[in-house]
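The structure file run.cif is reproduced below (mmCIF, C-alpha atoms).
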```cif
data_coords
loop_
_atom_site.group_PDB
_atom_site.id
_atom_site.type_symbol
_atom_site.label_atom_id
_atom_site.label_comp_id
_atom_site.auth_asym_id
_atom_site.auth_seq_id
_atom_site.Cartn_x
_atom_site.Cartn_y
_atom_site.Cartn_z
ATOM 1 C CA MET A 1071 -87.663 -132.220 104.270
ATOM 2 C CA GLY A 1072 -88.125 -128.523 105.034
ATOM 3 C CA VAL A 1073 -86.580 -127.337 108.301
ATOM 4 C CA LEU A 1074 -83.599 -129.402 109.400
ATOM 5 C CA ALA A 1075 -82.262 -127.744 112.573
ATOM 6 C CA LEU A 1076 -82.330 -124.684 114.807
ATOM 7 C CA ILE A 1077 -79.402 -123.263 116.755
ATOM 8 C CA VAL A 1078 -79.621 -120.258 119.093
ATOM 9 C CA ILE A 1079 -76.427 -118.398 120.032
ATOM 10 C CA ASN A 1080 -76.167 -115.769 122.763
ATOM 11 C CA LYS A 1081 -74.429 -112.432 122.264
ATOM 12 C CA ALA A 1082 -71.135 -113.796 123.607
ATOM 13 C CA GLY A 1083 -71.106 -116.614 121.042
ATOM 14 C CA GLY A 1084 -72.224 -119.375 123.385
ATOM 15 C CA LEU A 1085 -74.650 -122.069 122.354
ATOM 16 C CA ILE A 1086 -77.899 -121.748 124.310
ATOM 17 C CA TYR A 1087 -80.189 -124.014 122.250
ATOM 18 C CA ASN A 1088 -79.932 -126.600 119.513
ATOM 19 C CA ARG A 1089 -82.504 -128.931 118.046
ATOM 20 C CA THR A 1090 -82.514 -131.113 114.956
ATOM 21 C CA PHE A 1091 -85.828 -131.818 113.239
ATOM 22 C CA GLY A 1092 -84.888 -134.235 110.533
ATOM 23 C CA ASP A 1093 -82.312 -136.701 109.403
ATOM 24 C CA GLY A 1094 -81.081 -134.556 106.511
ATOM 25 C CA LEU A 1095 -78.041 -133.335 108.462
ATOM 26 C CA ASN A 1096 -75.190 -135.351 109.915
ATOM 27 C CA GLN A 1097 -75.621 -135.941 113.637
ATOM 28 C CA LEU A 1098 -73.211 -133.823 115.670
ATOM 29 C CA ASN A 1099 -72.207 -134.217 119.284
ATOM 30 C CA THR A 1100 -72.492 -131.411 121.829
ATOM 31 C CA ASN A 1101 -68.873 -130.346 121.424
ATOM 32 C CA ASP A 1102 -69.356 -129.970 117.658
ATOM 33 C CA TYR A 1103 -72.389 -127.731 118.241
ATOM 34 C CA LEU A 1104 -70.361 -125.585 120.650
ATOM 35 C CA VAL A 1105 -67.576 -125.221 118.079
ATOM 36 C CA LEU A 1106 -70.113 -124.425 115.352
ATOM 37 C CA ALA A 1107 -71.744 -121.719 117.494
ATOM 38 C CA GLY A 1108 -68.426 -120.085 118.380
ATOM 39 C CA THR A 1109 -67.156 -120.232 114.810
ATOM 40 C CA PHE A 1110 -70.343 -118.758 113.389
ATOM 41 C CA HIS A 1111 -70.284 -115.994 115.989
ATOM 42 C CA GLY A 1112 -66.744 -115.035 114.947
ATOM 43 C CA VAL A 1113 -67.515 -115.148 111.227
ATOM 44 C CA HIS A 1114 -70.684 -113.102 111.801
ATOM 45 C CA ALA A 1115 -68.712 -110.460 113.723
ATOM 46 C CA ILE A 1116 -66.124 -110.217 110.942
ATOM 47 C CA THR A 1117 -68.698 -110.003 108.154
ATOM 48 C CA ALA A 1118 -70.598 -107.300 110.050
ATOM 49 C CA ARG A 1119 -67.527 -105.089 109.672
ATOM 50 C CA LEU A 1120 -66.905 -105.934 106.010
ATOM 51 C CA ASN A 1121 -69.244 -103.443 104.413
ATOM 52 C CA PRO A 1122 -67.342 -101.107 102.111
ATOM 53 C CA LEU A 1123 -70.365 -98.954 101.336
ATOM 54 C CA LYS A 1124 -71.110 -98.221 104.988
ATOM 55 C CA GLY A 1125 -67.848 -96.267 105.449
ATOM 56 C CA PHE A 1126 -68.531 -94.304 102.272
ATOM 57 C CA MET A 1127 -72.087 -93.575 103.404
ATOM 58 C CA ASN A 1128 -70.902 -92.419 106.843
ATOM 59 C CA ALA A 1129 -68.379 -90.050 105.232
ATOM 60 C CA GLN A 1130 -71.140 -88.674 102.993
ATOM 61 C CA GLN A 1131 -73.450 -88.150 105.980
ATOM 62 C CA GLN A 1132 -70.717 -86.303 107.886
ATOM 63 C CA GLN A 1133 -70.122 -83.997 104.911
ATOM 64 C CA GLN A 1134 -73.850 -83.275 104.671
ATOM 65 C CA GLN A 1135 -74.049 -82.559 108.396
ATOM 66 C CA GLN A 1136 -71.065 -80.188 108.240
ATOM 67 C CA ALA A 1137 -72.608 -78.394 105.258
ATOM 68 C CA ALA A 1138 -75.908 -78.068 107.100
ATOM 69 C CA LEU A 1139 -74.190 -76.765 110.235
ATOM 70 C CA SER A 1140 -72.308 -74.135 108.298
ATOM 71 C CA GLY A 1141 -75.594 -73.074 106.694
ATOM 72 C CA GLY A 1142 -77.149 -72.432 110.079
ATOM 73 C CA SER A 1143 -79.852 -75.071 110.030
ATOM 74 C CA ALA A 1144 -79.553 -78.142 112.222
ATOM 75 C CA PRO A 1145 -79.662 -81.458 110.349
ATOM 76 C CA ILE A 1146 -82.182 -84.094 111.191
ATOM 77 C CA PRO A 1147 -80.289 -86.933 112.826
ATOM 78 C CA SER A 1148 -80.774 -90.324 111.287
ATOM 79 C CA ARG A 1149 -80.431 -93.643 113.027
ATOM 80 C CA PRO A 1150 -77.651 -95.722 111.495
ATOM 81 C CA ASP A 1151 -78.501 -99.176 110.245
ATOM 82 C CA PRO A 1152 -77.209 -101.874 112.558
ATOM 83 C CA PRO A 1153 -74.469 -104.012 111.031
ATOM 84 C CA SER A 1154 -76.024 -107.125 109.586
ATOM 85 C CA GLY A 1155 -73.170 -109.561 109.092
ATOM 86 C CA LEU A 1156 -73.714 -112.964 107.535
ATOM 87 C CA GLU A 1157 -77.424 -113.529 106.893
ATOM 88 C CA VAL A 1158 -77.669 -116.459 104.452
ATOM 89 C CA LEU A 1159 -75.276 -119.252 103.592
ATOM 90 C CA GLU A 1160 -76.473 -121.553 100.851
ATOM 91 C CA THR A 1161 -74.869 -124.782 99.721
ATOM 92 C CA GLU A 1162 -76.089 -127.486 97.393
ATOM 93 C CA ASN A 1163 -77.357 -129.493 100.391
ATOM 94 C CA PHE A 1164 -78.854 -126.927 102.781
ATOM 95 C CA ARG A 1165 -79.448 -123.247 103.466
ATOM 96 C CA LEU A 1166 -78.430 -121.529 106.698
ATOM 97 C CA GLN A 1167 -80.498 -118.469 107.548
ATOM 98 C CA CYS A 1168 -79.388 -116.202 110.400
ATOM 99 C CA PHE A 1169 -81.684 -113.841 112.271
ATOM 100 C CA ASN A 1170 -79.814 -111.463 114.563
ATOM 101 C CA THR A 1171 -81.960 -109.759 117.208
ATOM 102 C CA LEU A 1172 -81.271 -106.277 118.513
ATOM 103 C CA THR A 1173 -80.093 -107.838 121.777
ATOM 104 C CA GLY A 1174 -77.440 -109.890 119.964
ATOM 105 C CA ILE A 1175 -79.134 -113.296 120.057
ATOM 106 C CA LYS A 1176 -78.630 -115.183 116.780
ATOM 107 C CA PHE A 1177 -81.115 -117.724 115.476
ATOM 108 C CA LEU A 1178 -79.637 -120.089 112.894
ATOM 109 C CA LEU A 1179 -82.209 -122.039 110.922
ATOM 110 C CA PHE A 1180 -80.955 -124.856 108.707
ATOM 111 C CA THR A 1181 -83.413 -125.623 105.920
ATOM 112 C CA ASP A 1182 -83.645 -127.519 102.685
ATOM 113 C CA THR A 1183 -82.525 -125.428 99.692
ATOM 114 C CA MET A 1184 -86.045 -125.606 98.254
ATOM 115 C CA GLN A 1185 -87.758 -124.375 101.435
ATOM 116 C CA ALA A 1186 -89.896 -121.301 100.720
ATOM 117 C CA ASN A 1187 -90.695 -118.446 103.108
ATOM 118 C CA VAL A 1188 -87.762 -119.013 105.424
ATOM 119 C CA ASP A 1189 -88.058 -115.429 106.707
ATOM 120 C CA VAL A 1190 -91.643 -116.109 107.814
ATOM 121 C CA ALA A 1191 -90.594 -119.310 109.569
ATOM 122 C CA MET A 1192 -87.704 -117.516 111.250
ATOM 123 C CA ARG A 1193 -90.004 -114.758 112.466
ATOM 124 C CA ARG A 1194 -92.431 -117.331 113.888
ATOM 125 C CA VAL A 1195 -89.579 -119.113 115.709
ATOM 126 C CA TYR A 1196 -88.536 -115.760 117.176
ATOM 127 C CA ASP A 1197 -92.144 -115.101 118.243
ATOM 128 C CA LEU A 1198 -92.236 -118.484 119.989
ATOM 129 C CA TYR A 1199 -88.955 -117.634 121.717
ATOM 130 C CA SER A 1200 -90.336 -114.278 122.829
ATOM 131 C CA ASP A 1201 -93.599 -115.762 124.088
ATOM 132 C CA TYR A 1202 -92.396 -118.909 125.829
ATOM 133 C CA VAL A 1203 -88.784 -118.282 126.811
ATOM 134 C CA MET A 1204 -88.452 -114.559 127.458
ATOM 135 C CA LYS A 1205 -91.748 -114.390 129.342
ATOM 136 C CA ASN A 1206 -90.777 -117.353 131.511
ATOM 137 C CA PRO A 1207 -89.971 -115.944 134.967
ATOM 138 C CA PHE A 1208 -87.483 -118.757 135.638
ATOM 139 C CA TYR A 1209 -85.380 -118.179 132.521
ATOM 140 C CA GLN A 1210 -82.112 -116.299 132.978
ATOM 141 C CA LEU A 1211 -80.744 -114.311 130.046
ATOM 142 C CA GLU A 1212 -77.753 -115.739 128.187
ATOM 143 C CA MET A 1213 -78.263 -119.157 129.784
ATOM 144 C CA PRO A 1214 -79.235 -122.390 127.995
ATOM 145 C CA ILE A 1215 -82.923 -122.568 127.085
ATOM 146 C CA ARG A 1216 -84.716 -125.235 129.125
ATOM 147 C CA CYS A 1217 -88.399 -124.562 128.548
ATOM 148 C CA GLU A 1218 -90.735 -127.470 127.795
ATOM 149 C CA THR A 1219 -93.501 -125.250 126.465
ATOM 150 C CA PHE A 1220 -91.124 -123.672 123.968
ATOM 151 C CA ASP A 1221 -89.930 -127.134 122.895
ATOM 152 C CA ARG A 1222 -93.500 -128.390 122.390
ATOM 153 C CA LYS A 1223 -94.668 -125.324 120.453
ATOM 154 C CA LEU A 1224 -91.512 -125.263 118.339
ATOM 155 C CA ASN A 1225 -91.768 -128.965 117.504
ATOM 156 C CA SER A 1226 -95.427 -128.529 116.597
ATOM 157 C CA TYR A 1227 -94.693 -125.580 114.325
ATOM 158 C CA ILE A 1228 -91.749 -127.254 112.589
ATOM 159 C CA ARG A 1229 -93.769 -130.465 112.141
ATOM 160 C CA GLU A 1230 -96.476 -128.348 110.495
ATOM 161 C CA ILE A 1231 -93.940 -126.775 108.123
ATOM 162 C CA ASN A 1232 -92.281 -130.079 107.269
ATOM 163 C CA SER A 1233 -95.575 -131.886 106.664
ATOM 164 C CA SER A 1234 -96.879 -129.130 104.354
ATOM 165 C CA ARG A 1235 -94.051 -129.793 101.898
#
```
Mind turning this structure into structure tokens?
Amino acid sequence: MGVLALIVINKAGGLIYNRTFGDGLNQLNTNDYLVLAGTFHGVHAITARLNPLKGFMNAQQQQQQQAALSGGSAPIPSRPDPPSGLEVLETENFRLQCFNTLTGIKFLLFTDTMQANVDVAMRRVYDLYSDYVMKNPFYQLEMPIRCETFDRKLNSYIREINSSR
């Protein structure tokens, strides 16, 4: 089995979509999915701040900017990297891959540990979300995803991935 489940979490940590694609995971009830989404959101927020090199790099950039200002030339501003947080969690039974959009939406894809090209699959899921959910005039941001076209296209794509294995 390749792709096992997909969970989408809004920027406040609320569950807005969940779908299981195989029987490789234990079946959870809705309350368990809500707890999972909130817990992952909190862990992701904590791990986004746990980057010891980022503080060192910021201090180095400030020193370089001060040196450039005292020299008379204006430094070229650089855009800081957004904090990434937890991206991959791998166990002996499954792999959890997180894709965090710039708007704060998190896509959690549960796959088999042997699944290849998870980044490509994640990008395609995000493209489907962009095409069929975000372009839907009846969808409201941060609300649960109820879009039949998205469900059909997603199921078709995941079926294609799982059958190719």
What is the distance between atom CA of Arg1222 of chain A and atom CA of Gln1097 of chain A, in Å to one decimal?
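Between atom CA of Arg1222 of chain A and atom CA of Gln1097 of chain A the gap works out to 21.3 Å.
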Would you kindly return, as a PyMOL selection string, each protein, DNA or RNA residue with an atom no farther than 9 Å from any atom of Tyr1202 of chain A, considering only C-alpha atoms and excluding same-chain residues fewer than 6 positions away?
chain A and resi 1217-1220+1223
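The neighbours of Lys1081 of chain A here are the residues that come within 9 Å of it, using all atoms listed in the file and leaving out any residue fewer than 3 positions away in the same chain; they are Gly1084, His1111, Thr1173, Gly1174, Ile1175, Lys1176 and Glu1212 of chain A.
Closest approach to Ile1116 of chain A among A:Pro1214, A:Gly1155, A:Pro1207, A:Gly1072: A:Gly1155, based on all atoms listed in the file.
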Expanded to explicit residues, what is the PyMOL selection byres ((chain A and resi 1110) around 10) for this file, as a list in words?
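Applied to this file, the PyMOL selection byres ((chain A and resi 1110) around 10) returns Ile1079, Gly1083, Leu1104, Val1105, Leu1106, Ala1107, Gly1108, Thr1109, His1111, Gly1112, Val1113, His1114, Ala1115, Ile1116, Leu1156, Cys1168, Lys1176 and Leu1178 of chain A.
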Quote the spacing between atom CA of Glu1162 of chain A and atom CA of Thr1183 of chain A in Å to one decimal place.
7.1 Å
Restricting the calculation to all atoms listed in the file, which member of A:Ala1186, A:Leu1179, A:Ala1118, A:Ile1215 is positioned closest to Thr1090 of chain A?
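Closest to Thr1090 of chain A, using all atoms listed in the file: A:Leu1179.
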What does the distance between atom CA of Ser1226 of chain A and atom CA of Asn1206 of chain A come to in Å, to one decimal place?
19.2 Å
Residues near Ser1233 of chain A, anyone? I mean within 9 Å using all atoms listed in the file, not counting same-chain ones fewer than 3 positions away, as a PyMOL selection string.
chain A and resi 1071-1072+1228-1230
Report the residues retrieved by the PyMOL selection byres ((chain A and resi 1160) around 12) from the displayed file, expressed as a ChimeraX atom specification.
/A:1156-1159,1161-1168,1179-1185
For Asn1225 of chain A, which residue out of A:Leu1198, A:Asn1187, A:Met1213, A:Asn1080 is the nearest one, using only C-alpha atoms?
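Of A:Leu1198, A:Asn1187, A:Met1213, A:Asn1080, the one nearest Asn1225 of chain A is A:Leu1198, counting only C-alpha atoms.
Nearest to Asp1197 of chain A of all the residues A:Ala1075, A:Leu1172, A:Leu1211, A:Leu1224 is A:Leu1224, based on only C-alpha atoms.
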Using all atoms of segment 1082-1085 of chain A that appear in the file, construct an axis-aligned enclosing box with 3 Å of padding on every side and provide its centre coordinates and edge lengths in Å, rounded to one decimal, as JSON.
```
{"center_x": -72.9, "center_y": -117.9, "center_z": 122.3, "size_x": 9.5, "size_y": 14.3, "size_z": 8.6}
```
Residues matched by the PyMOL selection byres ((chain A and resi 1089) around 8), written as a JSON list (two decimals) with C-alpha atoms, keeping the file's coordinate frame:
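Written output follows (out-v6.json):
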```json
[["chain", "number", "residue", "atom", "x", "y", "z"],
["A", 1075, "ALA", "CA", -82.26, -127.74, 112.57],
["A", 1076, "LEU", "CA", -82.33, -124.68, 114.81],
["A", 1077, "ILE", "CA", -79.40, -123.26, 116.76],
["A", 1087, "TYR", "CA", -80.19, -124.01, 122.25],
["A", 1088, "ASN", "CA", -79.93, -126.60, 119.51],
["A", 1090, "THR", "CA", -82.51, -131.11, 114.96],
["A", 1091, "PHE", "CA", -85.83, -131.82, 113.24]]
```
